[in-house]
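In what follows, a structure is listed as structure tokens, so that the remarks can point back to it.
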Amino acid sequence: MRAKAGVKQTPEIQYAGTGLSSKDFKEGKILCTRWTADAKYAWDAGIAIGKYLAGFKAGKILGVRCIKCGRTMVPPRAFCEWCFKTVDSWVQLRNTGIVNTFSLCYVTWDVKRVKKPEISAVIEIDGASKGMGIMHLLGEVDPNKVRIGMKVKAIWKPAAEREGAITDIKYWKPY
Amino acid sequence: MGQRVAIVGAGMTKFVRRAQETGKELAFHATRMALDSCEMNLDQIDAVCLGTAPDTFDGVHMKGEYLSDGAGAWGKPYMRCYVGGGTGVFSVIQGWYHIASGLCDTCLVVCEEKMSSYQPHAQAAFLTIFDHTTERPLKPNLLWIFAMEMNRYMTTYGLRKEDIVQVAVKNKRNALDHPCAQIAKAVTAEDILNSEVLAWPVQRLDVSPVSDGAVALVLASESIARKVTDKPVWIEGVGWSLDTAYWTNRDLCYPRYVEEAARMAYTMAGVTDPRHQIHIAEPYDPFDYKELHHMEGLMLCGKGEAPQMTVDGITQRDGELPVCPSGGLLGVGNPIAAAGLMKVAELFWQLRGEAGKRQVSRKVKRGVAQAWGDLMQVGTVVVVGI
């Protein structure tokens with residue numbers, strides 16, 4: 001079984017793998033079975049995120065503090081993952097933040113093109129420790145003028161329309 | 001540490017957008033080729049490790065079990081791993097500890113991915129990585145996180161997009177010499193900069209494709225390896241690390257978890273000066289900027305310096321430090337788990353001088369392969385040498 005020399009990757013080697021095109025399917029050249037998954041879920045928000053979302057309903061952004069590492073964290077969590085202990089207290093953060101990074105997205109989640117880009121961003125929330133951001137959207141801003149480091153504020157839905165969801169903030173806009 | 005472990009054989013299929021073969025059939029072809037390359041048979045294999053990405057792609061629960069026959073796992077200790085895009089390199093680590101521990105003397109490592117079954121586009125299968133309560137209601141697109149990471153990286157170090165795209169130019173061209181490549185092409189920086197904007201700063205040609213394909217390696221302990229081949233490629237170091245899932249709390253400009261994984265692997269391999277002791281690298285390149293990000297995490301250059309190194313030609317196949325001479329994910333293709341293992345297979349062929357038209361100009365004795373995945377949080381690293 002001793003193979004002295006290895007097999008060089010030369011054109012003579014035949015590699016398996018038969019590429020198909022969409023046409024092969026359309027023209028019925030390929031036998032194919034189709035199926036659609038029917039999966040429905042209902043996620044309870046949990047202890048910490050439940051309280052965070054209750055804060056959203058009340059128009060407040062809440063964070064948690066860990067006195068061991070000194071961090072004020074958002075999104076809030078039941079335990080500090082660094083110190084691996086229960087967090088110590090809840091604090092209300094401000095309705096403002098700084099754009100940590102962003103993207104101008106011209107395709108939807110199912111890869112359909114859109115004319116006006118959706119602007120996703122990581123926003124560092126004022127009142128939390130440095131670098132503590134959440135993912136959200138920017139609005140009422142010229143896409144070409146968005147910059148990292150830009151100051152933004154939360155634009156909330158009217159109280160009556162808030163339901164305790166991350167989308168209770170419609171988007172963030174420069175101020 | 002334990003028994004020395006060598007790679008003694010490798011095989012792969014072509015990477016294609018849509019394979020007629022089932023996942024099981026792809027796995028079989030790669031595995032059979034790997035066994036044939038070292039003239040071994042299944043009865044000489046003690047265990048099988050298989051890497052494959054989400055069951056969602058295939059719509060098959062327990063995909064590892066479904067694929068097991070194609071990986072040669074019938075009647076053997078078998079294990080499937082999945083750490084997102086990091087899977088391909090992690091599967092080698094898993095195979096390594098089966099042998100290093102002394103439990104086994106031989107182990108097959110097989111990675112398979114068939115992304116094309118998911119309709120209409122596999123991208124949607126990734127959406128469940130976002131937090132179901134705090135992120136998914138915003139209807140995120142998988143591209144968002146990469147685009148935001150790329151923007152953070154570019155802005156932090158003041159990098160130019162026209163320098164970053166040189167990675168895609170290089171890898172797609174390198175792939176022209178790979179017999180299994182899916183999207184090899186001679187493209188210019190202008191072609192990339194003029195391609196469709198998906199999620200700025202990410203454009204169409206900055207991104208690797210959706211692919212089907214499989215790769216397999218045969219690992220052996222020193223005593224077996226010496227009997228099987230004159231040219232064993234030793235696994236000198238392995239490392240892996242995971243950052244927090246609170247990805248919006250991390251600084252996205254630097255992959256700290258890759259550095260942690262690399263330090264673990266380098267320490268084991270006795271590498272103290274990676275820039276000079278690593279001769280060839282296959283970092284994970286699903287996007288052009290990721291190759292650069294990962295070169296920095298692997299400490300092959302300083303932070304923010306990888307684009308200049310690329311512009312200077314150092315990472316070309318005939319450069320001082322060839323990076324992704326295979327053509328990488330950007331050129332050969334990106335069947336998730338299989339793409340990572342393809343990188344280790346490339347080092348195996350390069351170190352043995354068997355890479356054909358892709359063979360790098362310099363004599364290379366030690367290389368590093370790395371993959372990355374999950375919610376931009378896992379780094380998996382393997383150092384190999386002769």
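Labels used: A, B, ... for chains in the order of the structure tokens, numbers from 1 for residues in each chain, and numbers from 1 for ligands as shown.
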
**OP:** Extract, using only C-alpha atoms, all DNA, RNA and protein residues at most 7 Å from His136 in chain A, discarding same-chain residues fewer than 6 positions from it, and format them as a list of chain:residue names.
**Re:** A:Ser120, A:Ala121, A:Val122, A:Tyr171

Would you mind exporting N, CA, C and O atoms of the selected residues as a PDB file, in the first residue's frame?
ATOM      1  N   SER A 120     -28.901  49.673   7.467  1.00  0.00           N
ATOM      2  CA  SER A 120     -28.734  48.964   8.731  1.00  0.00           C
ATOM      3  C   SER A 120     -27.531  49.563   9.445  1.00  0.00           C
ATOM      4  O   SER A 120     -26.613  50.073   8.797  1.00  0.00           O
ATOM      5  N   ALA A 121     -27.546  49.499  10.767  1.00  0.00           N
ATOM      6  CA  ALA A 121     -26.435  50.085  11.512  1.00  0.00           C
ATOM      7  C   ALA A 121     -26.264  49.389  12.843  1.00  0.00           C
ATOM      8  O   ALA A 121     -27.201  48.770  13.360  1.00  0.00           O
ATOM      9  N   VAL A 122     -25.044  49.460  13.368  1.00  0.00           N
ATOM     10  CA  VAL A 122     -24.822  49.143  14.774  1.00  0.00           C
ATOM     11  C   VAL A 122     -24.726  50.497  15.464  1.00  0.00           C
ATOM     12  O   VAL A 122     -23.938  51.353  15.042  1.00  0.00           O
ATOM     13  N   TYR A 171     -36.866  53.873  13.661  1.00  0.00           N
ATOM     14  CA  TYR A 171     -35.511  53.985  13.114  1.00  0.00           C
ATOM     15  C   TYR A 171     -34.781  55.041  13.930  1.00  0.00           C
ATOM     16  O   TYR A 171     -35.351  55.630  14.849  1.00  0.00           O
TER      17      TYR A 171
END

Subject >> Contact residues around Ala154 in chain A with only C-alpha atoms at 12 Å, ignoring same-chain residues under 2 positions, as number ranges by chain >> reply: A: 56, 59-61, 93-99, 123-126, 136-140, 151-152, 156-157, 166-175

Put those residues in a file: N, CA and C atoms, as a short mmCIF file (atom, residue, chain, number, x, y, z; two decimals), in the first residue's frame.
data_model
loop_
_atom_site.label_atom_id
_atom_site.label_comp_id
_atom_site.auth_asym_id
_atom_site.auth_seq_id
_atom_site.Cartn_x
_atom_site.Cartn_y
_atom_site.Cartn_z
N PHE A 56 -39.23 49.14 26.05
CA PHE A 56 -39.53 49.69 24.71
C PHE A 56 -40.99 50.16 24.66
N GLY A 59 -41.32 53.33 26.01
CA GLY A 59 -40.50 54.35 25.35
C GLY A 59 -39.14 54.56 26.00
N LYS A 60 -38.64 53.49 26.66
CA LYS A 60 -37.34 53.60 27.33
C LYS A 60 -36.39 52.49 26.86
N ILE A 61 -35.09 52.83 26.80
CA ILE A 61 -34.09 51.81 26.49
C ILE A 61 -33.38 51.46 27.79
N LEU A 93 -31.05 53.88 29.83
CA LEU A 93 -30.06 54.51 28.96
C LEU A 93 -30.73 55.66 28.22
N ARG A 94 -29.93 56.40 27.45
CA ARG A 94 -30.52 57.53 26.73
C ARG A 94 -31.11 57.10 25.39
N ASN A 95 -31.89 57.99 24.82
CA ASN A 95 -32.54 57.71 23.52
C ASN A 95 -31.65 58.10 22.35
N THR A 96 -30.37 58.24 22.63
CA THR A 96 -29.44 58.69 21.60
C THR A 96 -28.26 57.72 21.51
N GLY A 97 -27.53 57.82 20.43
CA GLY A 97 -26.37 56.96 20.27
C GLY A 97 -25.47 57.42 19.15
N ILE A 98 -24.45 56.60 18.89
CA ILE A 98 -23.45 56.93 17.86
C ILE A 98 -23.39 55.77 16.88
N VAL A 99 -23.34 56.09 15.59
CA VAL A 99 -23.24 55.04 14.57
C VAL A 99 -21.85 54.42 14.64
N ILE A 123 -25.58 50.70 16.47
CA ILE A 123 -25.63 51.99 17.16
C ILE A 123 -25.19 51.81 18.61
N GLU A 124 -24.13 52.52 18.98
CA GLU A 124 -23.67 52.48 20.37
C GLU A 124 -24.59 53.39 21.17
N ILE A 125 -25.22 52.83 22.20
CA ILE A 125 -26.23 53.57 22.93
C ILE A 125 -25.58 54.44 24.02
N ASP A 126 -25.95 55.71 24.05
CA ASP A 126 -25.41 56.62 25.06
C ASP A 126 -25.88 56.19 26.45
N HIS A 136 -29.85 48.17 14.44
CA HIS A 136 -31.13 48.78 14.12
C HIS A 136 -31.03 49.46 12.76
N LEU A 137 -32.01 50.31 12.46
CA LEU A 137 -32.07 50.95 11.15
C LEU A 137 -31.92 52.46 11.27
N LEU A 138 -31.42 53.09 10.21
CA LEU A 138 -31.38 54.55 10.16
C LEU A 138 -32.44 55.04 9.19
N GLY A 139 -32.99 56.21 9.46
CA GLY A 139 -34.01 56.79 8.58
C GLY A 139 -33.90 58.30 8.56
N GLU A 140 -34.71 58.93 7.68
CA GLU A 140 -34.71 60.39 7.52
C GLU A 140 -33.30 60.93 7.35
N LYS A 151 -24.00 61.13 15.24
CA LYS A 151 -24.90 61.08 16.39
C LYS A 151 -26.32 60.87 15.90
N VAL A 152 -27.03 59.94 16.50
CA VAL A 152 -28.41 59.65 16.07
C VAL A 152 -29.32 59.53 17.28
N TRP A 156 -39.39 56.97 17.99
CA TRP A 156 -40.32 55.96 18.52
C TRP A 156 -41.66 56.01 17.80
N LYS A 157 -42.33 54.88 17.76
CA LYS A 157 -43.73 54.87 17.33
C LYS A 157 -44.54 55.58 18.41
N ILE A 166 -38.76 45.29 19.28
CA ILE A 166 -37.60 46.07 18.85
C ILE A 166 -38.02 47.11 17.81
N THR A 167 -39.12 46.81 17.10
CA THR A 167 -39.62 47.71 16.06
C THR A 167 -40.47 48.85 16.64
N ASP A 168 -40.58 48.94 17.98
CA ASP A 168 -41.23 50.11 18.60
C ASP A 168 -40.41 51.37 18.32
N ILE A 169 -39.10 51.18 18.12
CA ILE A 169 -38.30 52.28 17.55
C ILE A 169 -38.39 52.09 16.05
N LYS A 170 -38.91 53.11 15.35
CA LYS A 170 -39.08 52.97 13.90
C LYS A 170 -37.71 52.94 13.22
N TYR A 171 -36.87 53.87 13.66
CA TYR A 171 -35.51 53.99 13.11
C TYR A 171 -34.78 55.04 13.93
N TRP A 172 -33.53 55.29 13.59
CA TRP A 172 -32.73 56.32 14.25
C TRP A 172 -32.39 57.38 13.21
N LYS A 173 -32.44 58.65 13.63
CA LYS A 173 -32.09 59.70 12.67
C LYS A 173 -31.04 60.64 13.27
N PRO A 174 -30.25 61.25 12.41
CA PRO A 174 -29.21 62.16 12.90
C PRO A 174 -29.84 63.34 13.64
N TYR A 175 -29.16 63.84 14.64
CA TYR A 175 -29.65 65.04 15.34
C TYR A 175 -28.51 66.00 15.56
#

Go through chain B and flag each residue having an atom no more than 6 Å from chain A; for those, report the closest pair of atoms plus their distance in Å to one decimal, using only C-alpha atoms, ordered by chain and rising number, as CSV.
residue,atom,partner,partner_atom,distance
B:Thr13,CA,A:Ala16,CA,4.9
B:Lys14,CA,A:Gly17,CA,5.0
B:Val16,CA,A:Gly19,CA,5.4
B:Arg18,CA,A:Leu20,CA,5.3
B:Ala19,CA,A:Gly19,CA,4.8
B:Gln20,CA,A:Thr18,CA,5.4
B:Cys38,CA,A:Ala3,CA,5.9
B:Glu39,CA,A:Met1,CA,5.5
B:Thr134,CA,A:Ile166,CA,5.7
B:Asn141,CA,A:Trp109,CA,4.3
B:Ala147,CA,A:Ser103,CA,5.6
B:Met148,CA,A:Phe102,CA,5.0
B:Arg152,CA,A:Thr101,CA,5.4
B:Leu198,CA,A:Tyr106,CA,5.3
B:Ala199,CA,A:Cys105,CA,3.9
B:Trp200,CA,A:Leu104,CA,5.0
B:Val228,CA,A:Arg2,CA,4.8
B:Thr229,CA,A:Ala3,CA,5.5
B:Asp230,CA,A:Lys4,CA,5.8
B:Thr248,CA,A:Gly133,CA,5.0
B:Asn249,CA,A:Met132,CA,4.6
B:Glu354,CA,A:Lys8,CA,4.4
B:Ala355,CA,A:Gln9,CA,5.5
B:Gly356,CA,A:Gln9,CA,5.0

**OP:** Write out as an MDAnalysis selection string the residues lying within 9 Å of Arg358 in chain B, counting only C-alpha atoms and excluding same-chain residues fewer than 4 positions away.
**Re:** (chainID A and resid 9) or (chainID B and resid 174:178 317 325:327 350 354)

**OP:** List every residue of range 139-313 of chain B that DSSP, applied to the backbone of this structure, places in helix (DSSP H, G or I), and write the result as a PyMOL selection string.
**Re:** chain B and resi 142-157+161-164+166-177+189-193+204-206+222-228+247-249+256-269+274-277+288-297+306-311

**OP:** Compile the contact shell of range 283-286 of chain B as an MDAnalysis selection string: residues with an atom at most 7 Å away, counting only C-alpha atoms, same-chain residues fewer than 4 positions apart removed.
**Re:** chainID B and resid 207:208 290:291 294:295 324 328:330 369:372

So that I can check the surroundings of Tyr254 in chain B, please list as an mmCIF file with N, CA, C and O atoms, in the first residue's frame every protein, DNA and RNA residue that reaches within 8 Å of it, counting only C-alpha atoms and ignoring chain neighbours fewer than 3 positions away.
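What follows is the written file result-v3.cif:
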data_model
loop_
_atom_site.group_PDB
_atom_site.id
_atom_site.type_symbol
_atom_site.label_atom_id
_atom_site.label_comp_id
_atom_site.auth_asym_id
_atom_site.auth_seq_id
_atom_site.Cartn_x
_atom_site.Cartn_y
_atom_site.Cartn_z
ATOM 1 N N TYR B 153 -14.091 47.981 9.334
ATOM 2 C CA TYR B 153 -12.677 47.670 9.066
ATOM 3 C C TYR B 153 -12.052 48.768 8.207
ATOM 4 O O TYR B 153 -10.993 49.311 8.521
ATOM 5 N N ASP B 251 -15.753 44.966 18.791
ATOM 6 C CA ASP B 251 -15.251 45.872 17.764
ATOM 7 C C ASP B 251 -15.018 45.054 16.503
ATOM 8 O O ASP B 251 -14.132 44.198 16.446
ATOM 9 N N HIS B 293 -8.722 40.677 6.716
ATOM 10 C CA HIS B 293 -9.077 40.615 8.125
ATOM 11 C C HIS B 293 -8.402 39.417 8.791
ATOM 12 O O HIS B 293 -7.838 39.509 9.874
ATOM 13 N N GLU B 296 -4.623 39.476 9.198
ATOM 14 C CA GLU B 296 -4.262 40.270 10.381
ATOM 15 C C GLU B 296 -4.491 39.470 11.652
ATOM 16 O O GLU B 296 -3.642 39.451 12.549
ATOM 17 N N GLY B 297 -5.638 38.777 11.731
ATOM 18 C CA GLY B 297 -5.914 37.926 12.894
ATOM 19 C C GLY B 297 -4.884 36.813 13.035
ATOM 20 O O GLY B 297 -4.515 36.430 14.140
ATOM 21 N N LYS B 303 -2.096 45.127 12.130
ATOM 22 C CA LYS B 303 -3.494 45.498 11.934
ATOM 23 C C LYS B 303 -3.621 46.602 10.889
ATOM 24 O O LYS B 303 -2.905 47.598 10.940
#

Original post:
In Å to one decimal, how far is CA of Asp24 in chain A from CA of Glu21 in chain B?
Top reply: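 Between these atoms lies a distance of 13.8 Å.
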
Subject >> Residues flagged strand (DSSP E or B) by DSSP in range 178-311 of chain B, as a PyMOL selection string >> reply: chain B and resi 197-200+202-203+207+212-221+229+233-242+280-282+287

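Here CA of Leu35 in chain B and CA of Ile99 in chain B stand 17.2 Å from one another.
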
Original post:
Can you tell me, as a PyMOL selection string, what residues are no more than 10 Å from Gln316 in chain B when counting only C-alpha atoms, ignoring any on the same chain fewer than 6 positions away?
Top reply: chain B and resi 167+170-171+174+309-310+322-325+360-361

Contacts of range 22-33 of chain B at 9 Å (only C-alpha atoms; same-chain gap of 2+ positions) as a PDB file with C-alpha atoms, in the first residue's frame:
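File produced: selection_25.pdb:
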ATOM      1  CA  TYR A  15     -13.003  15.077 -10.783  1.00  0.00           C
ATOM      2  CA  ALA A  16     -16.594  14.150  -9.970  1.00  0.00           C
ATOM      3  CA  GLY A  17     -19.304  16.814  -9.843  1.00  0.00           C
TER       4      GLY A  17
ATOM      5  CA  GLY B   9      -4.268  11.627   1.391  1.00  0.00           C
ATOM      6  CA  ALA B  10      -6.688  14.128  -0.107  1.00  0.00           C
ATOM      7  CA  GLY B  11      -9.532  14.203  -2.591  1.00  0.00           C
ATOM      8  CA  MET B  12     -12.247  16.534  -3.779  1.00  0.00           C
ATOM      9  CA  THR B  13     -15.039  17.012  -6.261  1.00  0.00           C
ATOM     10  CA  ALA B  19     -24.649  19.458  -8.671  1.00  0.00           C
ATOM     11  CA  GLN B  20     -26.643  16.632 -10.140  1.00  0.00           C
ATOM     12  CA  LEU B  35      -8.401   6.930  -0.009  1.00  0.00           C
ATOM     13  CA  ASP B  36      -7.129   6.114  -3.508  1.00  0.00           C
ATOM     14  CA  SER B  37      -4.550   8.907  -3.317  1.00  0.00           C
ATOM     15  CA  CYS B  38      -2.789   7.036  -0.504  1.00  0.00           C
ATOM     16  CA  ASN B  41      -9.218   1.249   2.025  1.00  0.00           C
ATOM     17  CA  ASP B  58     -30.832  20.240   2.670  1.00  0.00           C
ATOM     18  CA  TYR B  66     -27.850  11.070   6.223  1.00  0.00           C
ATOM     19  CA  LEU B  67     -24.384  11.661   4.754  1.00  0.00           C
ATOM     20  CA  SER B  68     -22.556   9.030   6.815  1.00  0.00           C
ATOM     21  CA  ASP B  69     -22.528   6.293   4.181  1.00  0.00           C
ATOM     22  CA  GLY B  70     -21.004   8.639   1.611  1.00  0.00           C
ATOM     23  CA  ALA B  71     -18.252   9.498   4.105  1.00  0.00           C
ATOM     24  CA  GLY B  72     -17.324   5.856   4.609  1.00  0.00           C
ATOM     25  CA  LEU B 108     -11.169  10.126   7.552  1.00  0.00           C
ATOM     26  CA  VAL B 109     -12.132  13.791   7.561  1.00  0.00           C
ATOM     27  CA  VAL B 110     -14.924  14.564   5.112  1.00  0.00           C
ATOM     28  CA  CYS B 111     -16.749  17.827   4.419  1.00  0.00           C
ATOM     29  CA  GLU B 112     -19.762  18.090   2.174  1.00  0.00           C
ATOM     30  CA  GLU B 113     -22.137  20.867   1.261  1.00  0.00           C
ATOM     31  CA  LYS B 114     -25.064  20.971  -1.102  1.00  0.00           C
ATOM     32  CA  ASP B 212     -22.140  22.284  -4.062  1.00  0.00           C
ATOM     33  CA  GLY B 213     -19.086  20.143  -3.439  1.00  0.00           C
ATOM     34  CA  ALA B 214     -17.113  17.827  -1.166  1.00  0.00           C
ATOM     35  CA  VAL B 215     -13.524  17.412   0.059  1.00  0.00           C
ATOM     36  CA  ALA B 216     -11.905  14.606   2.063  1.00  0.00           C
ATOM     37  CA  LEU B 217      -8.593  14.001   3.837  1.00  0.00           C
ATOM     38  CA  VAL B 218      -7.036  10.870   5.313  1.00  0.00           C
TER      39      VAL B 218
END

**OP:** Rank nothing, just name the residue among B:Ser211, B:Gln166, B:Gln308, B:Thr380 nearest to Ile192 in chain B, using only C-alpha atoms.
**Re:**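 Checking each candidate against Ile192 in chain B, we get B:Gln166 as the closest.
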
Subject >> Nearest candidate to Ile183 in chain B (options B:Val332, B:Ala100, B:Val381, B:Leu341; using only C-alpha atoms) >> reply: B:Val332

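Shortest atom-to-atom contact with Pro179 in chain B among B:Leu347, B:Leu205, B:Gly85, B:Lys357: B:Lys357, counting only C-alpha atoms.
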